[in-house]
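S.K.: Coordinates in final.tsv, TSV, C-alpha atoms, are listed below.
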chain	number	residue	atom	x	y	z
A	1395	MET	CA	126.86	145.99	-14.05
A	1396	ASP	CA	127.39	142.87	-11.95
A	1397	HIS	CA	127.01	143.55	-8.23
A	1398	HIS	CA	130.61	142.39	-7.74
A	1399	ASP	CA	131.83	145.25	-9.95
A	1400	ARG	CA	129.92	148.06	-8.28
A	1401	LYS	CA	130.75	150.03	-5.17
A	1402	PRO	CA	128.58	149.00	-2.20
A	1403	THR	CA	126.07	151.75	-1.40
A	1404	ILE	CA	125.59	152.96	2.16
A	1405	LEU	CA	122.79	155.18	3.47
A	1406	VAL	CA	123.94	157.62	6.17
A	1407	VAL	CA	121.22	159.24	8.29
A	1408	GLU	CA	122.70	161.74	10.75
A	1409	ASP	CA	121.17	165.04	11.90
A	1410	ASN	CA	124.55	166.70	12.58
A	1411	ALA	CA	125.48	168.08	9.14
A	1412	ALA	CA	129.25	168.22	9.78
A	1413	LEU	CA	129.31	164.65	11.09
A	1414	ARG	CA	127.09	163.45	8.21
A	1415	ARG	CA	129.53	164.95	5.68
A	1416	LEU	CA	132.53	163.50	7.55
A	1417	VAL	CA	131.06	159.98	7.69
A	1418	ALA	CA	130.11	160.15	4.00
A	1419	ARG	CA	133.65	161.29	3.12
A	1420	MET	CA	135.20	158.49	5.21
A	1421	LEU	CA	132.99	155.95	3.43
A	1422	ASN	CA	133.67	157.44	-0.01
A	1423	ASP	CA	137.42	157.39	0.71
A	1424	GLY	CA	136.97	153.75	1.77
A	1425	GLY	CA	135.52	152.84	-1.62
A	1426	PHE	CA	131.80	153.05	-0.92
A	1427	ALA	CA	129.03	155.02	-2.60
A	1428	THR	CA	126.86	156.98	-0.18
A	1429	LEU	CA	123.40	158.46	0.12
A	1430	ALA	CA	123.02	160.91	2.99
A	1431	ALA	CA	120.09	162.46	4.83
A	1432	GLY	CA	119.77	164.75	7.83
A	1433	LYS	CA	116.35	163.52	8.95
A	1434	ALA	CA	114.92	160.03	9.37
A	1435	ALA	CA	111.99	160.75	7.05
A	1436	ASP	CA	114.41	161.95	4.35
A	1437	GLY	CA	116.46	158.77	4.76
A	1438	LEU	CA	113.34	156.66	4.25
A	1439	SER	CA	112.48	158.68	1.11
A	1440	LEU	CA	116.01	158.20	-0.26
A	1441	VAL	CA	115.77	154.43	0.15
A	1442	ARG	CA	112.37	154.35	-1.54
A	1443	GLN	CA	113.59	156.46	-4.48
A	1444	HIS	CA	116.95	154.73	-4.96
A	1445	ARG	CA	116.95	152.47	-8.00
A	1446	GLY	CA	119.92	150.29	-7.03
A	1447	THR	CA	120.91	148.16	-4.10
A	1448	ILE	CA	121.54	149.69	-0.69
A	1449	ASP	CA	123.96	147.45	1.15
A	1450	LEU	CA	123.93	149.06	4.59
A	1451	ALA	CA	122.21	151.86	6.51
A	1452	ILE	CA	124.14	153.81	9.16
A	1453	ILE	CA	121.56	155.51	11.36
A	1454	ASP	CA	121.98	157.90	14.28
A	1455	MET	CA	119.76	156.60	17.08
A	1456	VAL	CA	118.78	160.00	18.45
A	1457	MET	CA	117.44	162.59	16.01
A	1458	PRO	CA	114.74	165.26	16.20
A	1459	GLY	CA	111.37	164.16	14.86
A	1460	MET	CA	111.45	160.49	13.91
A	1461	SER	CA	114.18	158.67	15.84
A	1462	GLY	CA	116.73	156.39	14.26
A	1463	LEU	CA	115.06	153.43	15.95
A	1464	ASP	CA	111.71	154.37	14.38
A	1465	LEU	CA	113.42	154.73	11.00
A	1466	ALA	CA	115.00	151.29	11.42
A	1467	THR	CA	111.58	149.81	12.24
A	1468	ASP	CA	110.10	151.34	9.08
A	1469	LEU	CA	113.05	150.21	6.96
A	1470	ASN	CA	112.85	146.67	8.32
A	1471	ARG	CA	109.15	146.53	7.56
A	1472	GLU	CA	109.69	147.50	3.91
A	1473	TYR	CA	113.17	146.03	3.38
A	1474	PRO	CA	113.51	143.15	5.84
A	1475	ASP	CA	117.03	142.22	4.71
A	1476	LEU	CA	118.62	145.66	5.15
A	1477	THR	CA	121.69	145.66	7.39
A	1478	ILE	CA	121.59	148.50	9.91
A	1479	LEU	CA	124.46	149.98	11.91
A	1480	TYR	CA	123.31	152.34	14.67
A	1481	THR	CA	125.44	155.23	15.89
A	1482	SER	CA	124.98	156.98	19.21
A	1483	GLY	CA	126.71	159.72	21.12
A	1484	TYR	CA	124.75	158.83	24.25
A	1485	VAL	CA	126.72	156.22	26.14
A	1486	ASP	CA	124.10	156.16	28.91
A	1487	SER	CA	121.19	155.71	26.50
A	1488	VAL	CA	119.02	152.75	27.48
A	1489	ALA	CA	118.40	151.88	23.83
A	1490	ALA	CA	122.12	152.02	22.98
A	1491	ASP	CA	122.89	149.90	26.05
A	1492	VAL	CA	120.31	147.25	25.13
A	1493	LEU	CA	121.44	147.17	21.50
A	1494	SER	CA	125.09	147.01	22.54
A	1495	ARG	CA	124.45	144.02	24.78
A	1496	ARG	CA	122.15	142.17	22.37
A	1497	SER	CA	124.06	142.93	19.18
A	1498	PRO	CA	127.36	144.70	19.89
A	1499	ASP	CA	128.42	144.68	16.23
A	1500	ARG	CA	125.35	146.79	15.35
A	1501	VAL	CA	126.17	149.83	17.53
A	1502	LEU	CA	129.02	152.27	17.00
A	1503	LEU	CA	129.47	154.79	19.80
A	1504	LYS	CA	130.56	158.32	18.91
A	1505	PRO	CA	133.21	159.49	18.56
A	1506	PHE	CA	134.67	156.79	16.32
A	1507	SER	CA	137.68	156.75	14.02
A	1508	GLU	CA	137.66	156.26	10.27
A	1509	GLN	CA	139.42	152.92	10.77
A	1510	THR	CA	136.80	151.74	13.27
A	1511	LEU	CA	133.96	152.82	10.97
A	1512	LEU	CA	135.42	151.09	7.92
A	1513	GLU	CA	136.25	147.91	9.85
A	1514	ARG	CA	132.69	147.70	11.17
A	1515	VAL	CA	131.18	148.37	7.73
A	1516	HIS	CA	133.35	145.69	6.11
A	1517	MET	CA	132.44	143.22	8.85
A	1518	LEU	CA	128.70	143.86	8.49
A	1519	LEU	CA	128.81	143.66	4.69
A	1520	GLU	CA	130.59	140.32	4.89
A	1521	MET	CA	127.76	139.06	7.11
A	1522	ALA	CA	125.03	140.36	4.79
A	1523	PRO	CA	123.37	137.98	2.36
A	1524	ARG	CA	124.64	138.30	-1.20
A	1525	ARG	CA	121.69	138.33	-3.53
A	1526	GLU	CA	120.25	140.52	-6.21
A	1527	PRO	CA	117.70	143.15	-5.22
A	1528	GLY	CA	114.09	142.05	-5.33
A	1529	LYS	CA	110.87	143.98	-5.28
A	1530	ALA	CA	109.03	145.02	-2.14
A	1531	SER	CA	106.08	147.37	-2.17
A	1532	GLY	CA	106.79	148.08	-5.84
A	1533	GLN	CA	110.27	149.38	-4.96
A	1534	ALA	CA	113.71	147.95	-5.61
A	1535	ALA	CA	114.56	146.29	-2.32
A	1536	PRO	CA	117.99	147.05	-0.94
A	1537	LYS	CA	120.19	144.13	-0.06
A	1538	ILE	CA	119.80	143.92	3.67
A	1539	ARG	CA	120.32	141.92	6.80
A	1540	SER	CA	117.66	142.39	9.40
A	1541	GLY	CA	118.37	145.12	11.91
A	1542	THR	CA	115.72	143.65	14.17
A	1543	LEU	CA	117.33	142.63	17.38
A	1544	GLY	CA	115.05	140.23	19.06
Mind turning the file's structure into structure tokens?

M.R.:
Amino acid sequence: MDHHDRKPTILVVEDNAALRRLVARMLNDGGFATLAAGKAADGLSLVRQHRGTIDLAIIDMVMPGMSGLDLATDLNREYPDLTILYTSGYVDSVAADVLSRRSPDRVLLKPFSEQTLLERVHMLLEMAPRREPGKASGQAAPKIRSGTLG
């Protein structure tokens, strides 16, 4: 299938199960395919095991165990083109504040509406490079735009 004919695939990594299901449903209703994980390590495993292209990762910044920022660092190391959208419920978080100032389109503060989520996803996917997946570390590399912010 040509990549123009397929649904874009989005990885959702969110430790709150109800919110993870809600975001996945919003994205599915918006025409996207989703992969979802409740822990950063599980999100990394999903990306490594996925055979197709992953167009975007939506990652909660604050999670127990490995943080969303640590996950993004690992993803960027293995898949340097992956576009990452961070979510945070902590308005006063130093990391969210720095990311918001340096790259405001890469942070979505909770709570957010379905319309806001879908608008941001569409905007980020339009910015992402359009190329076929390559190989990195023996894995199919997701289509990505660097989530590195500096």

S.K.: Nearest to Thr1403 (chain A): which of A:Gly1424, A:Gly1483, A:Gly1446, A:Gly1432 is it, counting only C-alpha atoms?

M.R.: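 Smallest distance to Thr1403 (chain A) is found for A:Gly1446.
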
S.K.: A:Val1417, A:Ala1412, A:Leu1465, A:Leu1518: which is nearest Leu1479 (chain A), counting all atoms listed in the file?

M.R.: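 Of the candidates, the smallest distance to Leu1479 (chain A) is held by A:Leu1518.
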
S.K.: Which distance in Å separates CA of Ser1439 (chain A) and CA of Val1501 (chain A), to one decimal?

M.R.: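 Atom-to-atom, CA of Ser1439 (chain A) to CA of Val1501 (chain A), that is 23.1 Å.
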
S.K.: If you measure from CA of Val1456 (chain A) to CA of Lys1401 (chain A), what distance in Å do you get, rounded to one decimal?

M.R.: 28.3 Å

S.K.: Can you pull out the residues contacting Ile1453 (chain A)? Cut-off 6 Å, using only C-alpha atoms, and skip same-chain residues under 3 positions away; I want them as a list in words.

M.R.: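 The contact residues come out as Val1407, Gly1462, Tyr1480 and Thr1481 of chain A.
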
S.K.: Keeping only C-alpha atoms, write those residues as an mmCIF file, keeping the file's coordinate frame.

M.R.:
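Output saved as out-v2.cif:
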data_model
loop_
_atom_site.group_PDB
_atom_site.id
_atom_site.type_symbol
_atom_site.label_atom_id
_atom_site.label_comp_id
_atom_site.auth_asym_id
_atom_site.auth_seq_id
_atom_site.Cartn_x
_atom_site.Cartn_y
_atom_site.Cartn_z
ATOM 1 C CA VAL A 1407 121.220 159.240 8.290
ATOM 2 C CA GLY A 1462 116.730 156.390 14.260
ATOM 3 C CA TYR A 1480 123.310 152.340 14.670
ATOM 4 C CA THR A 1481 125.440 155.230 15.890
#

S.K.: Between A:Ile1452, A:Lys1433, A:Met1521, A:Leu1476, which has the minimum distance to Leu1502 (chain A) (counting all atoms listed in the file)?

M.R.: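 When distances to Leu1502 (chain A) are compared using all atoms listed in the file, the smallest one comes from A:Ile1452.
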
S.K.: Go ahead and compute the interatomic distance for CA of Thr1467 (chain A) and CA of Leu1519 (chain A), in Å to one decimal.

M.R.: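 So the answer is 19.8 Å.
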
S.K.: Between A:Ala1427, A:Met1457, A:Ala1435, A:Leu1440, which is the closest to Ala1411 (chain A) once you count only C-alpha atoms?

M.R.: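 Nearest candidate to Ala1411 (chain A) out of A:Ala1427, A:Met1457, A:Ala1435, A:Leu1440: A:Met1457.
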
S.K.: Using only C-alpha atoms, which residue out of A:Leu1450, A:Ile1404, A:Leu1511, A:Met1455 lies closest to Ala1430 (chain A)?

M.R.: A:Ile1404

S.K.: Distance cut-off 7 Å, centre (123.7, 159.7, 0.0) in file coordinates, counting only C-alpha atoms: which residues qualify? Return them as number ranges by chain.

M.R.: A: 1405-1406, 1428-1431

S.K.: Using all atoms listed in the file, which residue out of A:Pro1474, A:Arg1445, A:Leu1503, A:Glu1508 lies closest to Arg1419 (chain A)?

M.R.: A:Glu1508
